[in-house]
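> The file below is final-v8.txt, compact mmCIF, C-alpha atoms:
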# COMPACT_ATOMS: atom_id res chain seq x y z
CA MET A 590 -38.46 31.18 -35.30
CA SER A 591 -37.33 31.92 -31.77
CA ILE A 592 -33.76 31.16 -30.78
CA MET A 593 -35.04 29.80 -27.46
CA GLU A 594 -37.00 27.15 -29.36
CA TYR A 595 -34.29 26.28 -31.90
CA ASN A 596 -33.12 23.06 -30.20
CA GLY A 597 -36.13 22.35 -27.95
CA GLY A 598 -36.06 20.84 -24.46
CA SER A 599 -37.61 21.39 -21.05
CA VAL A 600 -36.62 21.23 -17.38
CA ILE A 601 -38.64 21.18 -14.16
CA ALA A 602 -37.69 21.18 -10.47
CA MET A 603 -39.91 20.45 -7.47
CA VAL A 604 -39.67 20.68 -3.68
CA GLY A 605 -40.53 17.71 -1.46
CA LYS A 606 -40.21 16.89 2.22
CA ASP A 607 -36.46 17.21 2.97
CA CYS A 608 -35.76 16.50 -0.70
CA VAL A 609 -35.84 18.13 -4.13
CA ALA A 610 -36.26 16.73 -7.61
CA ILE A 611 -35.12 18.00 -11.00
CA ALA A 612 -36.03 16.45 -14.34
CA SER A 613 -35.59 17.09 -18.05
CA ASP A 614 -36.39 15.55 -21.41
CA LEU A 615 -33.63 14.11 -23.64
CA ARG A 616 -34.36 15.57 -27.06
CA LEU A 617 -31.93 17.63 -29.12
CA GLY A 618 -33.46 19.01 -32.27
CA ASN A 619 -32.73 21.34 -35.11
CA GLN A 620 -36.13 23.03 -35.27
CA ALA A 621 -38.51 20.14 -36.12
CA LEU A 622 -35.75 17.66 -36.99
CA THR A 623 -34.62 15.48 -34.07
CA VAL A 624 -30.85 15.11 -34.09
CA ALA A 625 -30.22 13.24 -30.84
CA THR A 626 -32.38 11.49 -28.24
CA ASN A 627 -29.77 11.30 -25.50
CA PHE A 628 -28.99 14.95 -24.89
CA GLU A 629 -28.83 15.62 -21.16
CA LYS A 630 -29.48 19.16 -19.94
CA ILE A 631 -29.08 18.58 -16.20
CA PHE A 632 -25.63 18.52 -14.64
CA PRO A 633 -24.34 17.93 -11.10
CA VAL A 634 -22.66 20.96 -9.52
CA THR A 635 -21.84 19.51 -6.10
CA ASP A 636 -23.12 16.28 -4.58
CA ARG A 637 -26.29 18.05 -3.50
CA ILE A 638 -26.80 20.70 -6.19
CA TYR A 639 -27.97 20.06 -9.76
CA ILE A 640 -28.48 22.59 -12.52
CA GLY A 641 -30.78 22.24 -15.54
CA LEU A 642 -29.97 24.27 -18.66
CA PRO A 643 -32.79 24.33 -21.22
CA GLY A 644 -32.41 26.57 -24.25
CA LEU A 645 -29.90 26.91 -27.08
CA ALA A 646 -27.82 23.71 -27.07
CA THR A 647 -24.47 25.36 -27.82
CA ASP A 648 -24.95 27.49 -24.71
CA VAL A 649 -25.93 24.42 -22.67
CA THR A 650 -22.41 23.07 -23.18
CA THR A 651 -20.71 26.46 -22.88
CA LEU A 652 -22.49 27.38 -19.63
CA ARG A 653 -21.99 23.94 -18.16
CA GLU A 654 -18.26 24.37 -18.70
CA ARG A 655 -18.27 27.93 -17.33
CA PHE A 656 -20.21 26.94 -14.19
CA ARG A 657 -17.89 24.00 -13.62
CA TYR A 658 -14.91 26.35 -13.84
CA ARG A 659 -16.40 28.99 -11.56
CA VAL A 660 -17.57 26.46 -8.96
CA ASN A 661 -14.11 24.86 -8.96
CA MET A 662 -12.55 28.29 -8.42
CA TYR A 663 -14.99 29.01 -5.56
CA THR A 664 -14.23 25.64 -3.96
CA ILE A 665 -10.48 26.27 -4.09
CA LYS A 666 -10.60 29.89 -2.92
CA GLU A 667 -13.11 29.31 -0.11
CA SER A 668 -11.96 25.78 0.83
CA ARG A 669 -15.58 24.64 1.11
CA THR A 670 -18.33 23.49 -1.22
CA ILE A 671 -20.78 26.06 -2.54
CA GLU A 672 -24.32 26.31 -1.14
CA PRO A 673 -27.34 26.36 -3.49
CA SER A 674 -28.31 29.97 -2.70
CA THR A 675 -24.74 31.16 -3.33
CA PHE A 676 -24.59 29.13 -6.52
CA ALA A 677 -27.87 30.70 -7.68
CA HIS A 678 -26.28 34.15 -7.39
CA LEU A 679 -23.20 32.90 -9.21
CA VAL A 680 -25.48 31.74 -12.02
CA SER A 681 -27.32 35.06 -11.99
CA SER A 682 -24.16 37.15 -12.25
CA THR A 683 -22.64 34.88 -14.92
CA LEU A 684 -25.73 35.43 -17.04
CA TYR A 685 -25.97 39.16 -16.35
CA GLU A 686 -22.35 39.60 -17.45
CA ARG A 687 -23.75 39.01 -20.94
CA ARG A 688 -26.67 41.42 -20.49
CA PHE A 689 -26.63 42.75 -24.06
CA GLY A 690 -25.58 39.57 -25.84
CA PRO A 691 -26.98 36.85 -23.64
CA TYR A 692 -26.58 33.08 -23.42
CA PHE A 693 -29.93 31.72 -24.56
CA ILE A 694 -30.52 29.56 -21.51
CA GLU A 695 -33.07 29.70 -18.70
CA PRO A 696 -31.35 27.78 -15.91
CA ILE A 697 -33.07 25.91 -13.10
CA ILE A 698 -31.25 25.10 -9.88
CA ALA A 699 -32.20 22.42 -7.37
CA GLY A 700 -30.34 21.51 -4.23
CA LEU A 701 -30.33 21.07 -0.48
CA GLU A 702 -29.17 24.08 1.50
CA ARG A 703 -27.29 23.59 4.76
CA ASN A 704 -28.30 25.86 7.63
CA PRO A 705 -24.97 27.16 8.99
CA ALA A 706 -26.31 27.34 12.55
CA THR A 707 -28.17 24.05 12.92
CA GLY A 708 -26.54 22.01 10.12
CA GLU A 709 -29.98 21.03 8.84
CA LEU A 710 -30.58 20.55 5.14
CA SER A 711 -33.57 22.26 3.57
CA PRO A 712 -34.86 22.08 0.00
CA TYR A 713 -33.86 24.89 -2.35
CA ILE A 714 -35.02 25.51 -5.92
CA ALA A 715 -34.66 28.54 -8.16
CA GLY A 716 -35.15 29.50 -11.75
CA ALA A 717 -33.67 32.33 -13.78
CA ASP A 718 -34.37 34.02 -17.08
CA LEU A 719 -31.70 34.31 -19.76
CA ILE A 720 -30.19 37.47 -18.28
CA GLY A 721 -30.09 36.13 -14.76
CA CYS A 722 -33.24 37.43 -13.02
CA LEU A 723 -33.69 34.90 -10.21
CA ASN A 724 -37.03 33.38 -9.28
CA PHE A 725 -37.15 31.61 -5.91
CA ALA A 726 -40.09 29.28 -5.53
CA LYS A 727 -41.55 27.28 -2.63
CA ASP A 728 -43.20 24.68 -4.83
CA PHE A 729 -41.83 24.18 -8.37
CA VAL A 730 -40.04 25.97 -11.21
CA VAL A 731 -40.24 25.22 -14.93
CA ALA A 732 -38.41 26.29 -18.08
CA GLY A 733 -38.02 25.34 -21.71
CA THR A 734 -40.26 24.90 -24.73
CA ALA A 735 -42.93 23.03 -22.73
CA SER A 736 -42.88 25.49 -19.82
CA ASP A 737 -46.51 26.60 -20.23
CA LYS A 738 -47.71 22.98 -20.22
CA LEU A 739 -45.42 22.15 -17.29
CA PHE A 740 -46.98 24.99 -15.29
CA GLY A 741 -50.45 23.59 -15.89
CA VAL A 742 -49.71 19.97 -15.03
CA ALA A 743 -47.47 20.85 -12.05
CA GLU A 744 -50.16 23.15 -10.67
CA GLY A 745 -52.56 20.20 -10.73
CA LEU A 746 -50.29 17.42 -9.43
CA TRP A 747 -47.90 19.01 -6.91
CA GLU A 748 -48.70 19.06 -3.20
CA PRO A 749 -46.56 20.06 -0.23
CA GLY A 750 -44.61 17.54 1.87
CA LEU A 751 -44.02 14.80 -0.70
CA GLU A 752 -41.63 11.99 0.31
CA PRO A 753 -38.79 11.19 -2.18
CA GLU A 754 -40.60 8.31 -3.93
CA ASP A 755 -43.87 10.28 -4.18
CA LEU A 756 -41.98 13.33 -5.41
CA PHE A 757 -40.31 11.17 -8.06
CA GLU A 758 -43.71 9.97 -9.26
CA THR A 759 -45.15 13.51 -9.27
CA ILE A 760 -42.28 15.13 -11.17
CA SER A 761 -42.08 12.22 -13.65
CA GLN A 762 -45.79 12.30 -14.45
CA THR A 763 -45.73 16.10 -14.71
CA LEU A 764 -42.82 16.13 -17.14
CA LEU A 765 -43.93 13.15 -19.24
CA ASN A 766 -47.47 14.48 -19.68
CA ALA A 767 -46.35 18.03 -20.43
CA VAL A 768 -43.77 17.07 -23.07
CA ASP A 769 -46.29 14.83 -24.84
CA ARG A 770 -48.11 18.03 -25.78
CA ASP A 771 -44.90 19.72 -26.98
CA ALA A 772 -43.37 18.88 -30.35
CA TYR A 773 -39.94 20.27 -29.37
CA SER A 774 -39.53 18.26 -26.16
CA GLY A 775 -39.72 14.57 -25.34
CA TRP A 776 -37.94 11.37 -26.35
CA GLY A 777 -37.65 10.12 -22.78
CA ALA A 778 -36.59 11.88 -19.63
CA ILE A 779 -34.09 11.84 -16.81
CA VAL A 780 -35.05 12.48 -13.19
CA HIS A 781 -32.80 13.24 -10.21
CA VAL A 782 -34.18 13.17 -6.68
CA ILE A 783 -31.77 14.73 -4.19
CA THR A 784 -32.21 13.51 -0.61
CA LYS A 785 -30.15 13.96 2.55
CA ASP A 786 -27.99 10.90 2.06
CA LYS A 787 -28.18 10.11 -1.67
CA VAL A 788 -29.22 11.18 -5.13
CA ILE A 789 -31.62 8.91 -7.02
CA SER A 790 -31.18 9.22 -10.80
CA ARG A 791 -33.53 7.41 -13.16
CA THR A 792 -33.90 7.48 -16.94
CA LEU A 793 -37.48 7.22 -18.18
CA LYS A 794 -38.92 6.21 -21.50
CA GLY A 795 -41.73 8.39 -22.71
CA ARG A 796 -43.67 8.39 -25.94
CA MET A 797 -40.73 7.79 -28.23
CA ASP A 798 -42.26 9.61 -31.19
CA MET B 1428 -26.53 20.18 -52.19
CA GLU B 1429 -24.00 19.05 -49.61
CA CYS B 1430 -24.70 15.85 -47.69
CA SER B 1431 -22.68 13.99 -45.11
CA PHE B 1432 -23.50 10.84 -43.16
CA ALA B 1433 -21.79 8.88 -40.42
CA LEU B 1434 -22.55 5.85 -38.32
CA VAL B 1435 -20.98 3.87 -35.50
CA GLY B 1436 -20.67 0.10 -35.69
CA LYS B 1437 -19.26 -2.54 -33.37
CA ASP B 1438 -15.67 -1.31 -33.46
CA TYR B 1439 -15.54 1.31 -36.18
CA VAL B 1440 -17.00 4.61 -37.38
CA LEU B 1441 -18.04 5.10 -41.00
CA VAL B 1442 -17.97 8.64 -42.37
CA ALA B 1443 -19.28 9.58 -45.80
CA ALA B 1444 -19.38 12.96 -47.51
CA ASP B 1445 -20.33 13.98 -51.03
CA THR B 1446 -17.51 15.14 -53.30
CA THR B 1447 -19.04 18.12 -55.09
CA ALA B 1448 -17.72 21.63 -54.72
CA ALA B 1449 -20.49 23.93 -55.86
CA ARG B 1450 -20.92 27.67 -56.24
CA SER B 1451 -24.54 28.68 -56.37
CA ILE B 1452 -26.13 26.30 -58.91
CA VAL B 1453 -22.89 25.44 -60.68
CA LYS B 1454 -20.74 22.37 -59.90
CA MET B 1455 -17.11 23.52 -59.93
CA LYS B 1456 -15.53 20.19 -59.00
CA VAL B 1457 -16.80 16.64 -58.53
CA ASP B 1458 -13.92 14.94 -56.71
CA GLU B 1459 -13.34 17.16 -53.69
CA ASP B 1460 -12.38 15.29 -50.52
CA LYS B 1461 -14.36 16.81 -47.66
CA ILE B 1462 -13.21 14.37 -44.97
CA LYS B 1463 -10.01 15.28 -43.20
CA THR B 1464 -7.85 12.90 -41.19
CA LEU B 1465 -7.06 14.89 -38.05
CA SER B 1466 -4.98 12.27 -36.28
CA PRO B 1467 -4.25 8.54 -36.74
CA HIS B 1468 -7.66 7.61 -35.33
CA LEU B 1469 -9.79 10.68 -36.02
CA LEU B 1470 -11.87 11.73 -39.03
CA MET B 1471 -13.75 14.97 -39.65
CA ALA B 1472 -16.30 15.53 -42.40
CA TYR B 1473 -16.97 19.22 -42.97
CA SER B 1474 -19.61 21.13 -44.89
CA GLY B 1475 -21.09 24.61 -44.95
CA GLU B 1476 -20.16 28.00 -46.37
CA PRO B 1477 -17.52 27.57 -49.12
CA GLY B 1478 -14.31 29.24 -48.01
CA ASP B 1479 -15.11 28.93 -44.31
CA THR B 1480 -15.06 25.15 -44.53
CA VAL B 1481 -11.50 24.67 -45.75
CA GLN B 1482 -10.13 27.54 -43.64
CA PHE B 1483 -11.68 26.14 -40.48
CA ALA B 1484 -10.88 22.49 -41.27
CA GLU B 1485 -7.21 23.31 -41.87
CA TYR B 1486 -7.03 25.37 -38.68
CA ILE B 1487 -8.41 22.39 -36.73
CA GLU B 1488 -6.23 19.89 -38.58
CA ARG B 1489 -3.03 21.78 -37.85
CA ASN B 1490 -3.79 22.47 -34.21
CA ILE B 1491 -4.65 18.82 -33.58
CA ARG B 1492 -1.38 17.90 -35.30
CA LEU B 1493 0.50 20.44 -33.17
CA TYR B 1494 -0.93 18.87 -30.04
CA HIS B 1495 0.22 15.48 -31.28
CA ILE B 1496 3.76 16.73 -31.95
CA ARG B 1497 4.06 18.59 -28.63
CA ASN B 1498 2.69 15.82 -26.45
CA PHE B 1499 3.85 12.72 -28.33
CA HIS B 1500 0.30 11.39 -28.34
CA PRO B 1501 -2.84 12.55 -30.16
CA LEU B 1502 -5.94 14.04 -28.51
CA ARG B 1503 -8.59 11.43 -27.73
CA PRO B 1504 -11.82 11.76 -29.73
CA GLN B 1505 -13.81 13.12 -26.75
CA SER B 1506 -11.23 15.82 -26.06
CA ALA B 1507 -10.76 16.68 -29.72
CA ALA B 1508 -14.54 17.05 -30.12
CA ALA B 1509 -14.74 19.30 -27.06
CA TRP B 1510 -11.97 21.52 -28.39
CA VAL B 1511 -13.44 21.73 -31.89
CA ARG B 1512 -16.83 22.57 -30.41
CA ARG B 1513 -15.36 25.27 -28.27
CA SER B 1514 -13.59 26.79 -31.28
CA LEU B 1515 -16.92 26.98 -33.12
CA ALA B 1516 -18.78 28.33 -30.08
CA GLN B 1517 -16.22 31.09 -29.64
CA SER B 1518 -16.31 31.83 -33.36
CA LEU B 1519 -20.12 32.13 -33.24
CA ARG B 1520 -19.96 35.15 -30.92
CA SER B 1521 -17.11 36.79 -32.83
CA ARG B 1522 -17.23 39.44 -35.54
CA SER B 1523 -17.01 36.89 -38.37
CA PRO B 1524 -18.23 33.45 -37.36
CA TYR B 1525 -17.32 30.29 -39.27
CA THR B 1526 -20.37 28.67 -40.88
CA VAL B 1527 -19.15 25.08 -40.77
CA ASN B 1528 -20.96 21.86 -39.84
CA LEU B 1529 -18.97 18.83 -38.78
CA LEU B 1530 -19.19 15.11 -38.20
CA LEU B 1531 -16.34 13.93 -36.02
CA GLY B 1532 -15.69 10.21 -35.98
CA GLY B 1533 -12.90 8.66 -33.99
CA TYR B 1534 -11.66 5.49 -32.38
CA ASP B 1535 -10.43 5.79 -28.82
CA VAL B 1536 -7.44 3.49 -28.62
CA ALA B 1537 -7.25 3.88 -24.83
CA SER B 1538 -10.73 2.48 -24.15
CA ASP B 1539 -11.16 0.57 -27.43
CA ALA B 1540 -14.40 2.33 -28.31
CA PRO B 1541 -15.65 4.16 -31.41
CA HIS B 1542 -17.07 7.67 -30.98
CA LEU B 1543 -19.16 9.88 -33.23
CA TYR B 1544 -19.98 13.54 -32.65
CA TRP B 1545 -22.48 15.70 -34.48
CA ILE B 1546 -21.38 19.34 -34.33
CA ASP B 1547 -23.06 22.27 -36.08
CA TYR B 1548 -21.90 25.81 -36.81
CA LEU B 1549 -23.41 27.12 -33.56
CA GLY B 1550 -21.17 24.85 -31.53
CA THR B 1551 -23.92 22.38 -30.70
CA GLN B 1552 -22.34 19.04 -29.89
CA ALA B 1553 -24.06 15.67 -29.56
CA ALA B 1554 -22.57 12.21 -29.13
CA VAL B 1555 -24.71 10.02 -31.36
CA PRO B 1556 -24.87 6.50 -32.86
CA PHE B 1557 -25.47 7.95 -36.32
CA ALA B 1558 -25.56 11.45 -37.75
CA SER B 1559 -26.04 13.51 -40.86
CA HIS B 1560 -25.75 17.07 -42.16
CA GLY B 1561 -27.50 18.72 -45.07
CA TYR B 1562 -30.80 18.01 -46.81
CA GLY B 1563 -29.89 14.31 -46.88
CA SER B 1564 -30.53 14.13 -43.13
CA TYR B 1565 -34.30 14.24 -43.62
CA PHE B 1566 -34.08 10.82 -45.30
CA ALA B 1567 -30.96 9.48 -43.61
CA LEU B 1568 -32.08 9.90 -40.00
CA SER B 1569 -35.41 8.11 -40.47
CA LEU B 1570 -33.72 5.29 -42.38
CA LEU B 1571 -30.99 4.96 -39.77
CA ASP B 1572 -33.59 4.96 -36.97
CA ARG B 1573 -35.01 1.84 -38.62
CA TYR B 1574 -31.93 0.01 -39.91
CA HIS B 1575 -28.89 1.07 -37.87
CA ASN B 1576 -27.30 -1.65 -35.79
CA PRO B 1577 -24.77 -0.35 -33.25
CA ASP B 1578 -23.21 -3.83 -33.00
CA GLY B 1579 -23.08 -4.41 -36.75
CA THR B 1580 -20.04 -5.54 -38.70
CA LEU B 1581 -18.32 -3.27 -41.22
CA GLU B 1582 -20.13 -5.06 -44.07
CA GLU B 1583 -23.47 -4.43 -42.36
CA GLY B 1584 -22.55 -0.80 -41.76
CA LEU B 1585 -21.59 -0.32 -45.40
CA ALA B 1586 -24.87 -1.92 -46.51
CA THR B 1587 -26.81 0.49 -44.29
CA LEU B 1588 -24.81 3.43 -45.60
CA ARG B 1589 -25.47 2.34 -49.17
CA ARG B 1590 -29.17 2.23 -48.36
CA VAL B 1591 -29.03 5.77 -46.99
CA ILE B 1592 -27.16 7.11 -50.02
CA ASP B 1593 -29.48 5.31 -52.46
CA GLU B 1594 -32.57 6.69 -50.74
CA THR B 1595 -31.11 10.20 -50.81
CA ALA B 1596 -30.32 9.81 -54.51
CA LYS B 1597 -33.86 8.61 -55.16
CA ARG B 1598 -35.84 11.17 -53.18
CA LEU B 1599 -33.73 14.32 -52.95
CA VAL B 1600 -34.07 16.68 -55.91
CA VAL B 1601 -30.63 18.20 -55.32
CA ALA B 1602 -28.88 14.92 -54.45
CA PRO B 1603 -25.11 14.77 -54.93
CA GLY B 1604 -23.73 12.18 -57.35
CA ASN B 1605 -20.55 10.96 -55.71
CA TYR B 1606 -19.46 10.18 -52.18
CA LYS B 1607 -16.18 9.48 -50.50
CA VAL B 1608 -16.38 6.99 -47.66
CA LYS B 1609 -13.81 6.58 -44.91
CA VAL B 1610 -13.67 4.26 -41.97
CA VAL B 1611 -11.78 4.59 -38.70
CA ASP B 1612 -11.12 1.61 -36.46
CA LYS B 1613 -8.34 0.27 -34.24
CA ASN B 1614 -6.05 0.00 -37.27
CA GLY B 1615 -6.45 3.67 -38.11
CA VAL B 1616 -8.06 5.46 -41.01
CA ARG B 1617 -8.69 4.14 -44.51
CA GLU B 1618 -10.88 4.89 -47.48
CA VAL B 1619 -13.39 2.26 -48.56
CA ALA B 1620 -15.33 1.75 -51.77
CA LEU B 1621 -19.10 1.60 -51.48
Translate this file's structure into C-alpha cells.

Amino acid sequence: MSIMEYNGGSVIAMVGKDCVAIASDLRLGNQALTVATNFEKIFPVTDRIYIGLPGLATDVTTLRERFRYRVNMYTIKESRTIEPSTFAHLVSSTLYERRFGPYFIEPIIAGLERNPATGELSPYIAGADLIGCLNFAKDFVVAGTASDKLFGVAEGLWEPGLEPEDLFETISQTLLNAVDRDAYSGWGAIVHVITKDKVISRTLKGRMD
Amino acid sequence: MECSFALVGKDYVLVAADTTAARSIVKMKVDEDKIKTLSPHLLMAYSGEPGDTVQFAEYIERNIRLYHIRNFHPLRPQSAAAWVRRSLAQSLRSRSPYTVNLLLGGYDVASDAPHLYWIDYLGTQAAVPFASHGYGSYFALSLLDRYHNPDGTLEEGLATLRRVIDETAKRLVVAPGNYKVKVVDKNGVREVAL
C-alpha cells in the first residue's frame, strides 16, 4: 500500500499552439472503495494558470489552500499577477519546505506565460515531484496513479502545434483511455483548455464503472 | 463494528449512526448517541478510535458554538466543514493525531440548500450526495448508487436508509443492532424513528 495511491487520481497537461490544456479524472477513493465521483483536483490560480494536484486527497485540499494564500500574498506585495514560471518556483519551494515530511502530491502546472518585452503569451507547463523537483516539458507532463499509462498514450497521440479544439480532443482521448486501464482513476474527467482570450472547461463522462 | 450513513434529499440531510460503544469484542453500551448537533442546522456523526472521538467531537462542538456566540450567527455548513477538515489535517501531522471519521450534514439557511460532507481522519473532505463510514459502506454505497434519489421526499429518504440498514444487518457479520437517525432541514435538527 503506497500513500501516493491511497486515494487514486491522475492529472495530465499538454502544450498546443498558443494554448495549453490540463485535465484530470474525478474519482476519490479509499484504496479500492470509491467514495466520491466529483472530486476535482485541478484549481485555477490566476485567469491563465491552473494547477493539478494528484496524490493524497487531504493534501490536495491543504495545498490548494496554501497556494491560494501564497498567490494572494504575492499579488498584494507585488501589485501584479503571478507568471506561470514564478508560480512553478513558488510551488517547488512550498513543497521543499516539507523535505523530510512531505505533502504527498505531485503537482502539475499549466498556464500561458507573458513575455515581459513583447507582451506575447506562450504556453508553459511543468510538473514536480512530491518534494518540489521541477520538470519543465515542451510537450506534456503527467502525474498520478495512471501516470505510466498516460505517458504511453500521450506519446502516441500528441503532436506539436495543435489548435485549441484539436488539443482538447487529444488530451481528452489520452486521459480517458489511460484511466480506463487504471483501477484507481476514472469516473469521468474535467478538461481545461487555456487560450489567449478564454478558458474552455468541459466535464466528460468516461466509463462510469 | 461502527457504521454511519448519511444521504441528501430534496431539502434535508439524513444522518444515521449506530449506537454501540464497544471495547475490543465487548459491547459496553448500546444506546450511545454518536451524532452531535453542532449548530441549529448542522449535524455531525463521528466514529473511530474510542476516546479520540468524544474528545474531538466536543472540541469541534464547543468551538462552533463559540463562533455562534461571538458572531451572533452560526457558521454555514461549507465553512464549518472546511474548519473541521483543517483541524483534522493539522492533527494528522501532529505528535498525537485524532483518529476520527466524520459525516457532516447541514442545511444552509442562506441559500436554502442541504449539504453533506464526508471527512476522514486524514482530513480528506468530499461533498457528496450520500456517504458512509465503517464496514457498512461496502454495502451502503452500492445500494445508494442504485436507489438514492437526490430529489426524494423525507419518506423516500427514510425508506432508502432503511434499505441500507437492513442490507447491512443481513450481510455484515459484525453489524450493529441499533441506529439513531437524525434529520436536518430548514426547521432545524430533529431525531426521527426508522
> Work out where the centre of an axis-aligned box around every listed atom of range 717-724 of chain A lies and how long its edges are once 5 Å is added on each side; give both in Å to one decimal as AutoDock Vina command-line options.

--center_x -33.6 --center_y 34.9 --center_z -14.5 --size_x 16.9 --size_y 15.1 --size_z 20.5
> Compute the chain B side of the contact with chain A at 10 Å, counting all atoms listed in the file, and hand it back as a list in words.
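Matching residues, ligands excluded from the count: Ala1509, Arg1512, Arg1513, Leu1515, Ala1516, Gln1517, Leu1519, Arg1520, Trp1545, Ile1546, Asp1547, Tyr1548, Leu1549, Gly1550, Thr1551, Gln1552, Ala1553, Ala1554, Val1555, Pro1556, Phe1557, Ala1558, Ser1559, His1560, Ser1564, Tyr1565, Leu1568 and Ser1569 of chain B.
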> Pick from B:Asp1458, B:Val1610, B:Leu1531, B:Ser1506: nearest to Ala1484 in chain B, with only C-alpha atoms counted?
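Smallest separation from Ala1484 in chain B among the options: B:Leu1531.
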> In Å, how far is it from CA of Ala1586 in chain B to CA of Ala1507 in chain B?
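Between these atoms lies a distance of 28.8 Å.
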> How far is it from CA of Val1527 in chain B to CA of Val1511 in chain B, in Å with one decimal?
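That distance, rounded to one decimal, is 11.1 Å.
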> Please report the interatomic distance between CA of Arg791 in chain A and CA of Ile779 in chain A in Å with one decimal.
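Separation of CA of Arg791 in chain A and CA of Ile779 in chain A: 5.8 Å.
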> I want to know what sits within 10 Å of Ala767 in chain A, based on only C-alpha atoms, with residues of the same chain fewer than 4 positions away left out; could you give that as a PyMOL selection string?
chain A and resi 599+735-743+761-763+771+774-775
